[in-house]
$ cat coords-v1.pdb   # PDB, C-alpha atoms
ATOM      1  CA  ASN A1022       0.000   0.000   0.000
ATOM      2  CA  PHE A1023       1.251   3.428  -0.931
ATOM      3  CA  SER A1024      -0.452   6.599   0.264
ATOM      4  CA  TRP A1025      -0.805   9.926  -1.513
ATOM      5  CA  GLY A1026      -0.575  12.370   1.373
ATOM      6  CA  SER A1027      -2.024  15.560  -0.093
ATOM      7  CA  GLU A1028      -5.060  13.730  -1.507
ATOM      8  CA  HIS A1029      -5.609  11.478   1.559
ATOM      9  CA  CYS A1030      -5.698   8.350  -0.554
ATOM     10  CA  ALA A1031      -3.997   4.971  -0.165
ATOM     11  CA  LYS A1032      -3.909   2.319  -2.892
ATOM     12  CA  SER A1033      -2.284  -1.045  -3.443
ATOM     13  CA  VAL A1034       0.132  -0.542  -6.312
ATOM     14  CA  ARG A1035       2.815  -2.512  -8.103
ATOM     15  CA  ILE A1036       6.445  -1.573  -7.474
ATOM     16  CA  LEU A1037       8.164  -1.262 -10.844
ATOM     17  CA  ASP A1038      11.764  -0.352 -10.026
ATOM     18  CA  VAL A1039      14.183   0.776  -7.313
ATOM     19  CA  VAL A1040      15.728   4.049  -8.506
ATOM     20  CA  TYR A1041      17.619   5.495  -5.529
ATOM     21  CA  ASN A1042      19.000   4.424  -2.190
ATOM     22  CA  ALA A1043      21.031   6.766   0.003
ATOM     23  CA  THR A1044      22.931   3.882   1.596
ATOM     24  CA  SER A1045      24.412   2.136  -1.423
ATOM     25  CA  ASN A1046      24.155   1.960  -5.202
ATOM     26  CA  GLU A1047      24.572  -1.790  -4.832
ATOM     27  CA  LEU A1048      21.049  -1.918  -3.381
ATOM     28  CA  VAL A1049      19.742  -0.067  -6.447
ATOM     29  CA  ARG A1050      21.602  -2.346  -8.859
ATOM     30  CA  THR A1051      20.241  -5.501  -7.220
ATOM     31  CA  LYS A1052      16.787  -3.870  -6.750
ATOM     32  CA  THR A1053      16.776  -4.601  -3.019
ATOM     33  CA  LEU A1054      13.779  -3.147  -1.186
ATOM     34  CA  THR A1055      14.822  -1.448   2.046
ATOM     35  CA  LYS A1056      13.347   1.243   4.228
ATOM     36  CA  ASN A1057      13.770   4.766   2.753
ATOM     37  CA  SER A1058      14.527   3.445  -0.737
ATOM     38  CA  ILE A1059      13.047   5.517  -3.557
ATOM     39  CA  VAL A1060      11.025   3.352  -5.940
ATOM     40  CA  GLN A1061       8.894   3.833  -9.033
ATOM     41  CA  VAL A1062       5.324   2.595  -8.644
ATOM     42  CA  ASP A1063       2.510   2.119 -11.137
ATOM     43  CA  ALA A1064       0.315   5.244 -11.344
ATOM     44  CA  GLN A1065      -2.815   3.533 -12.713
ATOM     45  CA  PRO A1066      -4.718   2.974  -9.410
ATOM     46  CA  PHE A1067      -4.191   6.627  -8.447
ATOM     47  CA  LYS A1068      -5.227   7.771 -11.956
ATOM     48  CA  GLN A1069      -8.467   5.817 -11.683
ATOM     49  CA  TRP A1070      -9.176   7.191  -8.219
ATOM     50  CA  TYR A1071      -8.483  10.774  -9.392
ATOM     51  CA  LEU A1072     -10.769  10.353 -12.392
ATOM     52  CA  LYS A1073     -13.561   9.058 -10.168
ATOM     53  CA  LYS A1074     -13.152  11.798  -7.548
ATOM     54  CA  TYR A1075     -12.467  14.867  -9.727
ATOM     55  CA  GLY A1076     -13.586  13.794 -13.200
ATOM     56  CA  VAL A1077     -10.140  14.722 -14.584
ATOM     57  CA  ASP A1078      -8.100  12.185 -16.547
ATOM     58  CA  LEU A1079      -4.458  12.621 -15.517
ATOM     59  CA  GLY A1080      -3.067  10.536 -18.365
ATOM     60  CA  LYS A1081      -4.151  13.029 -21.034
ATOM     61  CA  LYS A1082      -2.192  16.165 -21.881
ATOM     62  CA  GLY A1083      -5.245  18.410 -22.413
ATOM     63  CA  LYS A1084      -7.745  18.378 -19.560
ATOM     64  CA  GLY A1085     -10.782  19.424 -21.603
ATOM     65  CA  ASP A1086     -10.362  16.815 -24.349
ATOM     66  CA  LYS A1087     -12.033  14.021 -22.375
ATOM     67  CA  HIS A1088     -15.357  14.199 -24.222
ATOM     68  CA  LYS A1089     -13.680  14.406 -27.651
ATOM     69  CA  ASP A1090     -11.672  11.245 -26.936
ATOM     70  CA  ALA A1091     -14.811   9.356 -25.940
ATOM     71  CA  ALA A1092     -16.520  10.462 -29.160
ATOM     72  CA  LYS A1093     -13.548   9.258 -31.219
ATOM     73  CA  GLU A1094     -13.747   5.760 -29.739
ATOM     74  CA  GLY A1095     -17.417   5.504 -30.669
ATOM     75  CA  GLU A1096     -18.526   5.362 -27.046
ATOM     76  CA  GLU A1097     -20.842   7.901 -25.557
ATOM     77  CA  PRO A1098     -19.693   9.603 -22.356
ATOM     78  CA  GLU A1099     -20.820   8.151 -19.055
ATOM     79  CA  LYS A1100     -24.244   9.438 -18.002
ATOM     80  CA  LYS A1101     -24.159  11.359 -14.718
ATOM     81  CA  SER A1102     -26.892  13.032 -12.724
ATOM     82  CA  GLY A1103     -26.945  16.787 -12.266
ATOM     83  CA  HIS A1104     -25.987  16.402  -8.622
ATOM     84  CA  VAL A1105     -22.883  14.348  -9.486
ATOM     85  CA  ILE A1106     -21.833  16.812 -12.205
ATOM     86  CA  ALA A1107     -22.188  19.730  -9.777
ATOM     87  CA  LYS A1108     -20.173  17.870  -7.136
ATOM     88  CA  LEU A1109     -17.369  17.105  -9.635
ATOM     89  CA  LYS A1110     -17.271  20.745 -10.804
ATOM     90  CA  GLY A1111     -16.987  21.922  -7.209
ATOM     91  CA  ARG A1112     -14.145  19.515  -6.470
ATOM     92  CA  ALA A1113     -12.361  20.302  -9.761
ATOM     93  CA  ALA A1114     -12.440  24.031  -8.934
ATOM     94  CA  LYS A1115     -10.686  23.431  -5.591
ATOM     95  CA  GLN A1116      -8.146  20.854  -6.743
ATOM     96  CA  LYS A1117      -4.697  21.806  -7.946
ATOM     97  CA  LEU A1118      -1.927  19.374  -8.774
ATOM     98  CA  GLU A1119       1.806  20.037  -8.741
ATOM     99  CA  PRO A1120       3.314  20.141 -12.252
ATOM    100  CA  LEU A1121       6.012  17.604 -11.270
ATOM    101  CA  ILE A1122       3.399  15.077 -10.143
ATOM    102  CA  GLU A1123       1.339  15.727 -13.269
ATOM    103  CA  ASP A1124       4.415  14.948 -15.410
ATOM    104  CA  GLN A1125       4.844  11.672 -13.534
ATOM    105  CA  PHE A1126       1.228  10.748 -14.235
ATOM    106  CA  GLN A1127       1.910  11.386 -17.948
ATOM    107  CA  SER A1128       4.666   8.764 -17.855
ATOM    108  CA  GLY A1129       2.542   6.341 -15.797
ATOM    109  CA  ARG A1130       5.130   5.993 -13.026
ATOM    110  CA  LEU A1131       5.235   7.776  -9.676
ATOM    111  CA  LEU A1132       8.231   8.181  -7.391
ATOM    112  CA  ALA A1133       7.563   6.861  -3.908
ATOM    113  CA  ALA A1134       9.504   6.284  -0.709
ATOM    114  CA  ILE A1135       9.294   3.059   1.250
ATOM    115  CA  ALA A1136       8.257   3.722   4.852
ATOM    116  CA  SER A1137       8.043   0.155   6.178
ATOM    117  CA  ARG A1138      10.757  -2.460   6.574
ATOM    118  CA  PRO A1139       9.785  -4.910   3.791
ATOM    119  CA  GLY A1140      12.057  -7.742   4.892
ATOM    120  CA  GLN A1141      10.576  -7.789   8.379
ATOM    121  CA  SER A1142       6.886  -7.539   7.562
ATOM    122  CA  GLY A1143       6.786  -9.288   4.187
ATOM    123  CA  HIS A1144       5.029  -6.446   2.408
ATOM    124  CA  CYS A1145       5.944  -2.933   1.417
ATOM    125  CA  ASP A1146       4.235   0.296   2.508
ATOM    126  CA  GLY A1147       5.187   3.837   1.637
ATOM    127  CA  TYR A1148       4.133   7.208   0.335
ATOM    128  CA  ILE A1149       4.143   9.127  -2.937
ATOM    129  CA  LEU A1150       6.815  11.844  -3.025
ATOM    130  CA  GLU A1151       5.532  15.419  -3.240
ATOM    131  CA  GLY A1152       6.780  18.977  -2.849
ATOM    132  CA  GLU A1153      10.342  19.651  -1.737
ATOM    133  CA  GLU A1154      11.087  15.969  -1.216
ATOM    134  CA  LEU A1155      10.121  15.204  -4.821
ATOM    135  CA  THR A1156      12.265  18.027  -6.238
ATOM    136  CA  PHE A1157      15.208  16.890  -4.082
ATOM    137  CA  TYR A1158      15.079  13.306  -5.362
ATOM    138  CA  LYS A1159      14.450  14.432  -8.970
ATOM    139  CA  LYS A1160      17.694  16.443  -8.779
ATOM    140  CA  LYS A1161      19.528  13.446  -7.297
ATOM    141  CA  LEU A1162      18.296  11.205 -10.106
ATOM    142  CA  GLU A1163      19.297  13.770 -12.771
ATOM    143  CA  LYS A1164      22.829  13.937 -11.289
ATOM    144  CA  LYS A1165      22.978  10.143 -11.278
ATOM    145  CA  LYS A1166      21.956   9.956 -14.964
ATOM    146  CA  LYS A1167      24.614  12.503 -15.987
ATOM    147  CA  ALA A1168      27.412  10.701 -14.090
TER     148      ALA A1168
END

$ encode --input "coords-v1.pdb" --output "structure tokens"
Amino acid sequence: NFSWGSEHCAKSVRILDVVYNATSNELVRTKTLTKNSIVQVDAQPFKQWYLKKYGVDLGKKGKGDKHKDAAKEGEEPEKKSGHVIAKLKGRAAKQKLEPLIEDQFQSGRLLAAIASRPGQSGHCDGYILEGEELTFYKKKLEKKKKA
């Protein structure tokens, strides 16, 4: 389970890759899961939750093109009551997403930190990186790619 702190949402997601570990690059190379490792997780469960809650598809570049895409596929858009539409508009007006997180949703992979000790408990829990922590680790990963 990985939680998305600013949105108060926790989902079971698949860990795709270990990308950074402050202790040793050997742990990254062997893809060892340890506490405080930075991993890439699948963004799909969070995308689906966001679409259901706000009515905004994070995978698309343009936010207003949702209805056009549905028309292209030959499907008609999902029918919603007036109350549901009003609720989604109200939520969409209040919500704002960091550009860095939005870019990650475009790629389908989110950076997350492991908060539990996976070897002890047998499963892995953590949180999605946001804000200053995300920018810090993005810079670290850019340095690592250049070297």

$ closest_residue --input "coords-v1.pdb" --among "A:Ile1059, A:Glu1119, A:Lys1100, A:Tyr1071" --to "Asn1046 (chain A)" --atoms "all atoms listed in the file"
A:Ile1059

$ closest_residue --input "coords-v1.pdb" --among "A:Thr1051, A:Ser1128, A:Gln1116, A:Ser1045" --to "Lys1081 (chain A)" --atoms "only C-alpha atoms"
A:Ser1128

$ resolve_selection --input "coords-v1.pdb" --expression "the PyMOL selection byres ((chain A and resi 1024-1026) around 12)" --output "PyMOL selection string"
chain A and resi 1022-1023+1027-1034+1062+1064+1066-1068+1070-1071+1118+1122+1131-1136+1145-1152

$ atom_distance --input "coords-v1.pdb" --atom1 "CA of Asn1042 (chain A)" --atom2 "CA of Gln1065 (chain A)"
24.2 Å

$ closest_residue --input "coords-v1.pdb" --among "A:Leu1121, A:Ala1168, A:Ala1113, A:Thr1044" --to "Glu1153 (chain A)" --atoms "all atoms listed in the file"
A:Leu1121

$ closest_residue --input "coords-v1.pdb" --among "A:Leu1079, A:Lys1159, A:Lys1073, A:Pro1120" --to "Ile1106 (chain A)" --atoms "all atoms listed in the file"
A:Lys1073

$ atom_distance --input "coords-v1.pdb" --atom1 "CA of Val1040 (chain A)" --atom2 "CA of Leu1155 (chain A)"
13.0 Å
